[in-house]
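Right, one structure below, let's go through it.
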Amino acid sequence: METEAQTDGIDTSSNLIPLAALCIALNVGLGTVVNLLKAPVYLDAIGTILFALLAYGRSWKGFAWSAMVGALSFVIGAIFFNPVLVWFIPTQIAIAAFSYFVIAPSLPEIYQSGAFTKKAYFKIALLGLLLGVVAGVVSAPIIAYVFGGITGAGASLITAFLMKAGETLFTSVVASGLASEPLDKLLQLALAVALFRITPSRVRRIARGG
Amino acid sequence: MLASGNARIALLIAAIVVAIAADLRATIVIFTLSVVLYGVTGQHRLLASYARPGVVLASFTFTLWLLVYIDLSNPDFPDAFGRVIANDSPFALILKMIVASAVVVLALGSYPDGASVSVARHLGFNGDVALVFATARALVWNIRENFDRSITALHAHGIVKSSWVSRLSRLPQILALTWTASLDQSYSRSDTKWKLNRFVLYLVEHSDAAIPSERLTTFACYCFAILSISACLVDIL
């Protein structure tokens, strides 16, 4: 669904700039609030998921923009608030890829008006859990081998508890990731879908390049 | 820091080398050099804003590792302390990451607000990426303000109470209000800029030469990169 359409006389890529910037700011703003609370969730990829849903239909260009939203979120987040974020850019790119290539095409319901069916809610739950597994698997080697297991996020408490109980470093990191990531990503996907539904149709049209 | 784009890239390379190759002794040397570099380049505020999360992170991880290593039935604090600060310990790894991140932050975050586009372009980002980087950096505080205002507005309507539990349970409503308010502000502003005065377009086309670089800070960055990489090489050899 690649399009060369022009909107309001400006190339559609340029129209993505404010939306991409807002999604990055959403990631950084929310992620920092949650990090300060040391809650075992992150909420730092809602903007990435939302942007992937909004830009779906632009072929590889849409994915490239979604990945850029994720990567720049963690560059800016590292500059402003939490220096360790910059090492988790691969996780954001994996979230962008899964959201763009798996979640967006699997959820045609969100692009239609009207209330969700039970099947749609079930799909959102399942895709959210799968997104959590993907994020957990990509993050685990970074946490284990780059940070030695503890990064300062709330999930580190679970890792420390498991290591105290005698588990190995890698097992503890993977287990804490799989314990916290699916719930976190389910919550993030649900919130991103909710934000998608209240985004004005004009903005959605611009994002999709129509 | 008004150093050249190549000096910033040299800092990024040094950060990667530190992250891969430095041991505890080299990390301490490079930490000292980074503090000096922050001072030479006049980035005291950035250092202050970076020091707080760095100290919190180091303290948090130190405490957790101490708890992991202490045998609660027969506590031996000196032994646990020694294991936490050992050269190949996970805590030494995170100290190394904090120092490497400090160098990345200096390379990517040390410039006046108006120079975001220029610096991003000198780092090799294309026009769109540079603009997104600059705009997002400026919007972060905007989103945080809208988030706080949304809580206040919903509180005024009795939807959100003062407790954290209430705020977390009403997170979807708070977020929805934050998002719609931010979209409204952002698109109306960008519409005005694009359609009426072409100001942004001018920036896109002419921003490359906007900020001159300084020789002293550029030289200091190169010195730091060479010394850091040398410190890591000495360790390896």
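Lettering and numbering for the structure tokens are positional, with chains as A, B, ... in the shown order, residues counted from 1 in each chain, and ligands counted from 1 in the shown order.
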*Select all residues from chain B having any atom no more than 8 Å from an atom of chain A (counting only C-alpha atoms, ignoring ligands), output as a ChimeraX atom specification.*
/B:49-50,53-54,57,60-61,64-65,67-69,89-91,93-94,97-98,101-102,105,108-109,128-129,131-133,135-137,139-141,143-144,172,175-176,179-180,182-183,186-187,190
Writing out the chosen residues with C-alpha atoms as a PDB file, in the first residue's frame:
```
ATOM      1  CA  SER B  49      21.572  16.042  35.579  1.00  0.00           C
ATOM      2  CA  TYR B  50      23.456  12.859  34.632  1.00  0.00           C
ATOM      3  CA  PRO B  53      20.360   8.958  37.851  1.00  0.00           C
ATOM      4  CA  GLY B  54      23.917   7.547  37.724  1.00  0.00           C
ATOM      5  CA  LEU B  57      21.403   3.439  39.606  1.00  0.00           C
ATOM      6  CA  PHE B  60      20.345   0.568  43.724  1.00  0.00           C
ATOM      7  CA  THR B  61      22.379  -2.124  41.945  1.00  0.00           C
ATOM      8  CA  LEU B  64      20.752  -5.519  45.313  1.00  0.00           C
ATOM      9  CA  TRP B  65      24.053  -7.308  44.616  1.00  0.00           C
ATOM     10  CA  LEU B  67      21.708  -8.629  49.222  1.00  0.00           C
ATOM     11  CA  VAL B  68      22.297 -11.390  46.676  1.00  0.00           C
ATOM     12  CA  TYR B  69      25.806 -12.154  47.984  1.00  0.00           C
ATOM     13  CA  SER B  89      31.724  -8.779  39.081  1.00  0.00           C
ATOM     14  CA  PRO B  90      28.366  -7.805  37.542  1.00  0.00           C
ATOM     15  CA  PHE B  91      28.479  -4.578  39.560  1.00  0.00           C
ATOM     16  CA  LEU B  93      30.043  -4.282  34.590  1.00  0.00           C
ATOM     17  CA  ILE B  94      27.286  -1.796  35.418  1.00  0.00           C
ATOM     18  CA  MET B  97      28.118   0.900  31.478  1.00  0.00           C
ATOM     19  CA  ILE B  98      27.410   4.048  33.505  1.00  0.00           C
ATOM     20  CA  SER B 101      26.718   5.973  28.877  1.00  0.00           C
ATOM     21  CA  ALA B 102      28.113   9.233  30.297  1.00  0.00           C
ATOM     22  CA  VAL B 105      25.300  11.419  26.705  1.00  0.00           C
ATOM     23  CA  LEU B 108      24.635  13.317  21.866  1.00  0.00           C
ATOM     24  CA  GLY B 109      23.216  15.712  24.434  1.00  0.00           C
ATOM     25  CA  ASP B 128      13.868  13.904   8.504  1.00  0.00           C
ATOM     26  CA  VAL B 129      15.605  12.001  11.326  1.00  0.00           C
ATOM     27  CA  LEU B 131      14.087  17.070  12.540  1.00  0.00           C
ATOM     28  CA  VAL B 132      12.296  14.292  14.445  1.00  0.00           C
ATOM     29  CA  PHE B 133      15.170  14.166  16.961  1.00  0.00           C
ATOM     30  CA  THR B 135      11.260  18.121  17.708  1.00  0.00           C
ATOM     31  CA  ALA B 136      10.961  15.136  20.048  1.00  0.00           C
ATOM     32  CA  ARG B 137      13.635  16.523  22.350  1.00  0.00           C
ATOM     33  CA  LEU B 139       8.335  17.949  23.098  1.00  0.00           C
ATOM     34  CA  VAL B 140       9.334  15.716  26.015  1.00  0.00           C
ATOM     35  CA  TRP B 141       8.667  18.409  28.619  1.00  0.00           C
ATOM     36  CA  ILE B 143       4.121  15.830  27.172  1.00  0.00           C
ATOM     37  CA  ARG B 144       5.099  15.757  30.851  1.00  0.00           C
ATOM     38  CA  PRO B 172      -6.148   5.165  30.332  1.00  0.00           C
ATOM     39  CA  LEU B 175      -3.258   9.130  28.823  1.00  0.00           C
ATOM     40  CA  ALA B 176      -6.188   9.746  26.486  1.00  0.00           C
ATOM     41  CA  TRP B 179      -2.551  12.374  23.863  1.00  0.00           C
ATOM     42  CA  THR B 180      -5.452  14.395  22.428  1.00  0.00           C
ATOM     43  CA  SER B 182      -0.635  17.014  22.675  1.00  0.00           C
ATOM     44  CA  LEU B 183      -1.876  16.117  19.185  1.00  0.00           C
ATOM     45  CA  SER B 186       1.449  19.830  17.889  1.00  0.00           C
ATOM     46  CA  TYR B 187      -0.557  19.716  14.673  1.00  0.00           C
ATOM     47  CA  SER B 190       3.118  22.582  12.701  1.00  0.00           C
TER      48      SER B 190
END
```
_Test item: residues at most 12 Å from Leu189 of chain A, only C-alpha atoms, excluding those fewer than 4 positions along its chain, as JSON, numbers by chain_ = {"A": [43, 44, 45, 46, 47, 48, 49, 50, 51, 52, 53, 95, 96, 98, 99, 103, 104, 107, 110, 121, 123, 124, 125, 126, 127, 128, 129, 130, 131, 132, 181, 182, 183, 184, 185, 193, 194, 195, 196], "B": [172]}
*Extract the full set of helix (DSSP H, G or I) residues from segment 55-128 of chain B according to DSSP on the backbone, and format it as JSON, numbers by chain.*
{"B": [55, 56, 57, 58, 59, 60, 61, 62, 63, 64, 65, 66, 67, 68, 69, 77, 78, 79, 80, 81, 82, 83, 84, 90, 91, 92, 93, 94, 95, 96, 97, 98, 99, 100, 101, 102, 103, 104, 105, 106, 107, 108, 109, 113, 114, 115, 116, 117, 118, 119, 120, 121, 122, 127, 128]}
What's the 10 Å shell around Ser110 of chain B, counting only C-alpha atoms, without same-chain residues fewer than 5 positions away, as a PDB file with all heavy atoms, in the first residue's frame?
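Written out: selection-v3.pdb:
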```
ATOM      1  N   ILE A  79      19.588  10.633  27.330  1.00  0.00           N
ATOM      2  CA  ILE A  79      20.137  11.978  27.536  1.00  0.00           C
ATOM      3  C   ILE A  79      19.444  12.654  28.724  1.00  0.00           C
ATOM      4  O   ILE A  79      20.090  13.274  29.564  1.00  0.00           O
ATOM      5  CB  ILE A  79      19.956  12.838  26.269  1.00  0.00           C
ATOM      6  CG1 ILE A  79      20.835  12.296  25.139  1.00  0.00           C
ATOM      7  CG2 ILE A  79      20.296  14.300  26.546  1.00  0.00           C
ATOM      8  CD1 ILE A  79      20.532  12.888  23.793  1.00  0.00           C
TER       9      ILE A  79
ATOM     10  N   MET B   1      28.607  22.054  24.499  1.00  0.00           N
ATOM     11  CA  MET B   1      29.842  21.697  23.806  1.00  0.00           C
ATOM     12  C   MET B   1      29.650  21.930  22.309  1.00  0.00           C
ATOM     13  O   MET B   1      28.771  21.335  21.697  1.00  0.00           O
ATOM     14  CB  MET B   1      30.163  20.222  24.043  1.00  0.00           C
ATOM     15  CG  MET B   1      31.425  19.773  23.341  1.00  0.00           C
ATOM     16  SD  MET B   1      31.867  18.070  23.681  1.00  0.00           S
ATOM     17  CE  MET B   1      30.544  17.179  22.919  1.00  0.00           C
ATOM     18  N   LEU B   2      30.433  22.807  21.733  1.00  0.00           N
ATOM     19  CA  LEU B   2      30.287  23.089  20.310  1.00  0.00           C
ATOM     20  C   LEU B   2      31.403  22.407  19.531  1.00  0.00           C
ATOM     21  O   LEU B   2      32.093  23.020  18.710  1.00  0.00           O
ATOM     22  CB  LEU B   2      30.278  24.594  20.080  1.00  0.00           C
ATOM     23  CG  LEU B   2      29.181  25.340  20.854  1.00  0.00           C
ATOM     24  CD1 LEU B   2      29.271  26.824  20.606  1.00  0.00           C
ATOM     25  CD2 LEU B   2      27.808  24.825  20.509  1.00  0.00           C
ATOM     26  N   ALA B   3      31.628  21.136  19.816  1.00  0.00           N
ATOM     27  CA  ALA B   3      32.686  20.387  19.115  1.00  0.00           C
ATOM     28  C   ALA B   3      32.199  19.967  17.737  1.00  0.00           C
ATOM     29  O   ALA B   3      31.002  19.976  17.458  1.00  0.00           O
ATOM     30  CB  ALA B   3      33.062  19.164  19.925  1.00  0.00           C
ATOM     31  N   ARG B   8      32.421  14.250  17.987  1.00  0.00           N
ATOM     32  CA  ARG B   8      31.318  13.548  18.661  1.00  0.00           C
ATOM     33  C   ARG B   8      31.305  12.068  18.266  1.00  0.00           C
ATOM     34  O   ARG B   8      31.055  11.198  19.094  1.00  0.00           O
ATOM     35  CB  ARG B   8      29.976  14.195  18.294  1.00  0.00           C
ATOM     36  CG  ARG B   8      29.782  15.570  18.900  1.00  0.00           C
ATOM     37  CD  ARG B   8      28.514  16.242  18.374  1.00  0.00           C
ATOM     38  NE  ARG B   8      28.463  17.628  18.769  1.00  0.00           N
ATOM     39  CZ  ARG B   8      28.024  18.067  19.952  1.00  0.00           C
ATOM     40  NH1 ARG B   8      27.569  17.217  20.829  1.00  0.00           N
ATOM     41  NH2 ARG B   8      28.009  19.347  20.238  1.00  0.00           N
ATOM     42  N   TYR B  38      33.784  16.806  30.855  1.00  0.00           N
ATOM     43  CA  TYR B  38      32.537  17.552  31.102  1.00  0.00           C
ATOM     44  C   TYR B  38      32.878  18.978  31.553  1.00  0.00           C
ATOM     45  O   TYR B  38      32.235  19.944  31.153  1.00  0.00           O
ATOM     46  CB  TYR B  38      31.697  16.861  32.186  1.00  0.00           C
ATOM     47  CG  TYR B  38      30.699  15.857  31.664  1.00  0.00           C
ATOM     48  CD1 TYR B  38      31.041  14.529  31.456  1.00  0.00           C
ATOM     49  CD2 TYR B  38      29.397  16.223  31.396  1.00  0.00           C
ATOM     50  CE1 TYR B  38      30.126  13.593  30.994  1.00  0.00           C
ATOM     51  CE2 TYR B  38      28.459  15.294  30.939  1.00  0.00           C
ATOM     52  CZ  TYR B  38      28.834  13.983  30.744  1.00  0.00           C
ATOM     53  OH  TYR B  38      27.915  13.077  30.282  1.00  0.00           O
ATOM     54  N   THR B  41      34.498  21.133  28.617  1.00  0.00           N
ATOM     55  CA  THR B  41      33.529  21.531  27.591  1.00  0.00           C
ATOM     56  C   THR B  41      32.382  22.360  28.169  1.00  0.00           C
ATOM     57  O   THR B  41      31.442  22.704  27.456  1.00  0.00           O
ATOM     58  CB  THR B  41      32.951  20.281  26.890  1.00  0.00           C
ATOM     59  OG1 THR B  41      32.447  19.396  27.891  1.00  0.00           O
ATOM     60  CG2 THR B  41      34.009  19.571  26.082  1.00  0.00           C
ATOM     61  N   GLY B  42      32.451  22.658  29.472  1.00  0.00           N
ATOM     62  CA  GLY B  42      31.446  23.544  30.082  1.00  0.00           C
ATOM     63  C   GLY B  42      30.089  22.908  30.275  1.00  0.00           C
ATOM     64  O   GLY B  42      29.061  23.590  30.307  1.00  0.00           O
ATOM     65  N   GLN B  43      30.053  21.573  30.404  1.00  0.00           N
ATOM     66  CA  GLN B  43      28.765  20.879  30.529  1.00  0.00           C
ATOM     67  C   GLN B  43      28.449  20.550  31.989  1.00  0.00           C
ATOM     68  O   GLN B  43      28.131  19.400  32.323  1.00  0.00           O
ATOM     69  CB  GLN B  43      28.788  19.599  29.680  1.00  0.00           C
ATOM     70  CG  GLN B  43      28.874  19.862  28.194  1.00  0.00           C
ATOM     71  CD  GLN B  43      27.699  20.669  27.676  1.00  0.00           C
ATOM     72  OE1 GLN B  43      26.557  20.407  28.043  1.00  0.00           O
ATOM     73  NE2 GLN B  43      27.965  21.648  26.840  1.00  0.00           N
ATOM     74  N   ARG B  45      25.922  21.563  33.868  1.00  0.00           N
ATOM     75  CA  ARG B  45      24.505  21.243  34.091  1.00  0.00           C
ATOM     76  C   ARG B  45      24.181  19.830  33.621  1.00  0.00           C
ATOM     77  O   ARG B  45      23.445  19.099  34.267  1.00  0.00           O
ATOM     78  CB  ARG B  45      23.615  22.245  33.366  1.00  0.00           C
ATOM     79  CG  ARG B  45      23.546  23.581  34.103  1.00  0.00           C
ATOM     80  CD  ARG B  45      22.660  24.548  33.377  1.00  0.00           C
ATOM     81  NE  ARG B  45      21.265  24.122  33.371  1.00  0.00           N
ATOM     82  CZ  ARG B  45      20.318  24.749  32.702  1.00  0.00           C
ATOM     83  NH1 ARG B  45      20.587  25.816  31.999  1.00  0.00           N
ATOM     84  NH2 ARG B  45      19.080  24.316  32.742  1.00  0.00           N
ATOM     85  N   LEU B  46      24.759  19.458  32.466  1.00  0.00           N
ATOM     86  CA  LEU B  46      24.516  18.103  31.952  1.00  0.00           C
ATOM     87  C   LEU B  46      25.099  17.072  32.915  1.00  0.00           C
ATOM     88  O   LEU B  46      24.482  16.037  33.196  1.00  0.00           O
ATOM     89  CB  LEU B  46      25.137  17.947  30.564  1.00  0.00           C
ATOM     90  CG  LEU B  46      24.744  16.690  29.788  1.00  0.00           C
ATOM     91  CD1 LEU B  46      23.271  16.704  29.430  1.00  0.00           C
ATOM     92  CD2 LEU B  46      25.561  16.557  28.516  1.00  0.00           C
ATOM     93  N   LEU B  47      26.296  17.385  33.440  1.00  0.00           N
ATOM     94  CA  LEU B  47      26.938  16.473  34.397  1.00  0.00           C
ATOM     95  C   LEU B  47      26.064  16.324  35.655  1.00  0.00           C
ATOM     96  O   LEU B  47      25.860  15.214  36.145  1.00  0.00           O
ATOM     97  CB  LEU B  47      28.323  16.995  34.775  1.00  0.00           C
ATOM     98  CG  LEU B  47      29.096  16.172  35.810  1.00  0.00           C
ATOM     99  CD1 LEU B  47      29.382  14.772  35.273  1.00  0.00           C
ATOM    100  CD2 LEU B  47      30.418  16.842  36.181  1.00  0.00           C
ATOM    101  N   VAL B 104      28.407   8.683  25.943  1.00  0.00           N
ATOM    102  CA  VAL B 104      27.377   8.769  24.894  1.00  0.00           C
ATOM    103  C   VAL B 104      26.516  10.019  25.115  1.00  0.00           C
ATOM    104  O   VAL B 104      26.214  10.765  24.172  1.00  0.00           O
ATOM    105  CB  VAL B 104      26.483   7.499  24.906  1.00  0.00           C
ATOM    106  CG1 VAL B 104      25.311   7.654  23.944  1.00  0.00           C
ATOM    107  CG2 VAL B 104      27.293   6.263  24.534  1.00  0.00           C
ATOM    108  N   VAL B 105      26.137  10.256  26.380  1.00  0.00           N
ATOM    109  CA  VAL B 105      25.300  11.419  26.705  1.00  0.00           C
ATOM    110  C   VAL B 105      26.026  12.715  26.349  1.00  0.00           C
ATOM    111  O   VAL B 105      25.436  13.642  25.794  1.00  0.00           O
ATOM    112  CB  VAL B 105      24.900  11.390  28.195  1.00  0.00           C
ATOM    113  CG1 VAL B 105      24.303  12.719  28.634  1.00  0.00           C
ATOM    114  CG2 VAL B 105      23.906  10.269  28.455  1.00  0.00           C
ATOM    115  N   ALA B 115      20.375  23.906  18.495  1.00  0.00           N
ATOM    116  CA  ALA B 115      21.347  23.268  17.597  1.00  0.00           C
ATOM    117  C   ALA B 115      21.073  21.790  17.349  1.00  0.00           C
ATOM    118  O   ALA B 115      21.886  21.105  16.743  1.00  0.00           O
ATOM    119  CB  ALA B 115      22.747  23.439  18.165  1.00  0.00           C
ATOM    120  N   SER B 116      19.905  21.306  17.800  1.00  0.00           N
ATOM    121  CA  SER B 116      19.614  19.871  17.671  1.00  0.00           C
ATOM    122  C   SER B 116      19.707  19.387  16.230  1.00  0.00           C
ATOM    123  O   SER B 116      20.312  18.352  15.951  1.00  0.00           O
ATOM    124  CB  SER B 116      18.208  19.563  18.197  1.00  0.00           C
ATOM    125  OG  SER B 116      18.129  19.845  19.554  1.00  0.00           O
ATOM    126  N   VAL B 119      23.395  19.441  14.937  1.00  0.00           N
ATOM    127  CA  VAL B 119      24.232  18.389  15.515  1.00  0.00           C
ATOM    128  C   VAL B 119      23.839  17.019  14.966  1.00  0.00           C
ATOM    129  O   VAL B 119      24.695  16.214  14.599  1.00  0.00           O
ATOM    130  CB  VAL B 119      24.129  18.428  17.058  1.00  0.00           C
ATOM    131  CG1 VAL B 119      24.723  17.168  17.671  1.00  0.00           C
ATOM    132  CG2 VAL B 119      24.848  19.645  17.591  1.00  0.00           C
TER     133      VAL B 119
END
```
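Nearest residue to Val18 of chain B, choosing from B:Ile85, B:Ala181, B:Val99, B:Ala153 and counting only C-alpha atoms: B:Val99.
Using only C-alpha atoms, the contacts of segment 220-236 of chain B at a cut-off of 8 Å, with sequence neighbours closer than 4 positions omitted, comprise Ala3, Ala7, Arg8, Ala10, Leu11, Ile13, Ala14, Val17, Val18, Ala21, Ala22, Asp23, Ala26, Val29, Ile30, Leu33, Ser34, Leu37, Val40, Thr41 and Leu216 of chain B.
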*asked:* Could you tell me how far atom CA of Gly154 of chain A sits from atom CA of Pro75 of chain B, in Å to one decimal place?
replied: 25.7 Å
*Separation of atom CA of Thr218 of chain B from atom CA of Ser4 of chain B in Å*: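 About the pair atom CA of Ser4 of chain B and atom CA of Thr218 of chain B: they are 5.9 Å apart.
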*Taking the chain letters and numbering used in this document, name the residues of chain A that DSSP puts in strand (DSSP E or B), as a VMD selection string.*
chain A and resid 6 to 7 10 to 11
Deliver the residues from the most recent selection as a file, using all heavy atoms, as a compact mmCIF listing (two decimals), in the first residue's frame.
```txt
# COMPACT_ATOMS: atom_id res chain seq x y z
N GLN A 6 0.26 13.28 -1.78
CA GLN A 6 0.65 14.51 -1.11
C GLN A 6 -0.52 14.97 -0.25
O GLN A 6 -1.67 14.85 -0.64
CB GLN A 6 0.95 15.61 -2.13
CG GLN A 6 2.02 15.23 -3.13
CD GLN A 6 3.42 15.56 -2.62
OE1 GLN A 6 3.64 16.62 -2.12
NE2 GLN A 6 4.33 14.62 -2.73
N THR A 7 -0.25 15.44 0.94
CA THR A 7 -1.31 15.94 1.81
C THR A 7 -1.01 17.38 2.15
O THR A 7 0.08 17.70 2.58
CB THR A 7 -1.36 15.11 3.10
OG1 THR A 7 -1.47 13.75 2.74
CG2 THR A 7 -2.54 15.49 3.95
N ILE A 10 2.30 19.11 1.12
CA ILE A 10 3.61 18.77 1.68
C ILE A 10 3.79 17.27 1.54
O ILE A 10 2.86 16.51 1.69
CB ILE A 10 3.67 19.17 3.17
CG1 ILE A 10 3.47 20.68 3.29
CG2 ILE A 10 4.99 18.77 3.78
CD1 ILE A 10 3.13 21.11 4.69
N ASP A 11 5.00 16.85 1.26
CA ASP A 11 5.27 15.42 1.14
C ASP A 11 4.82 14.70 2.41
O ASP A 11 5.02 15.19 3.51
CB ASP A 11 6.77 15.20 0.92
CG ASP A 11 7.09 13.74 0.83
OD1 ASP A 11 6.96 13.18 -0.26
OD2 ASP A 11 7.45 13.17 1.87
```
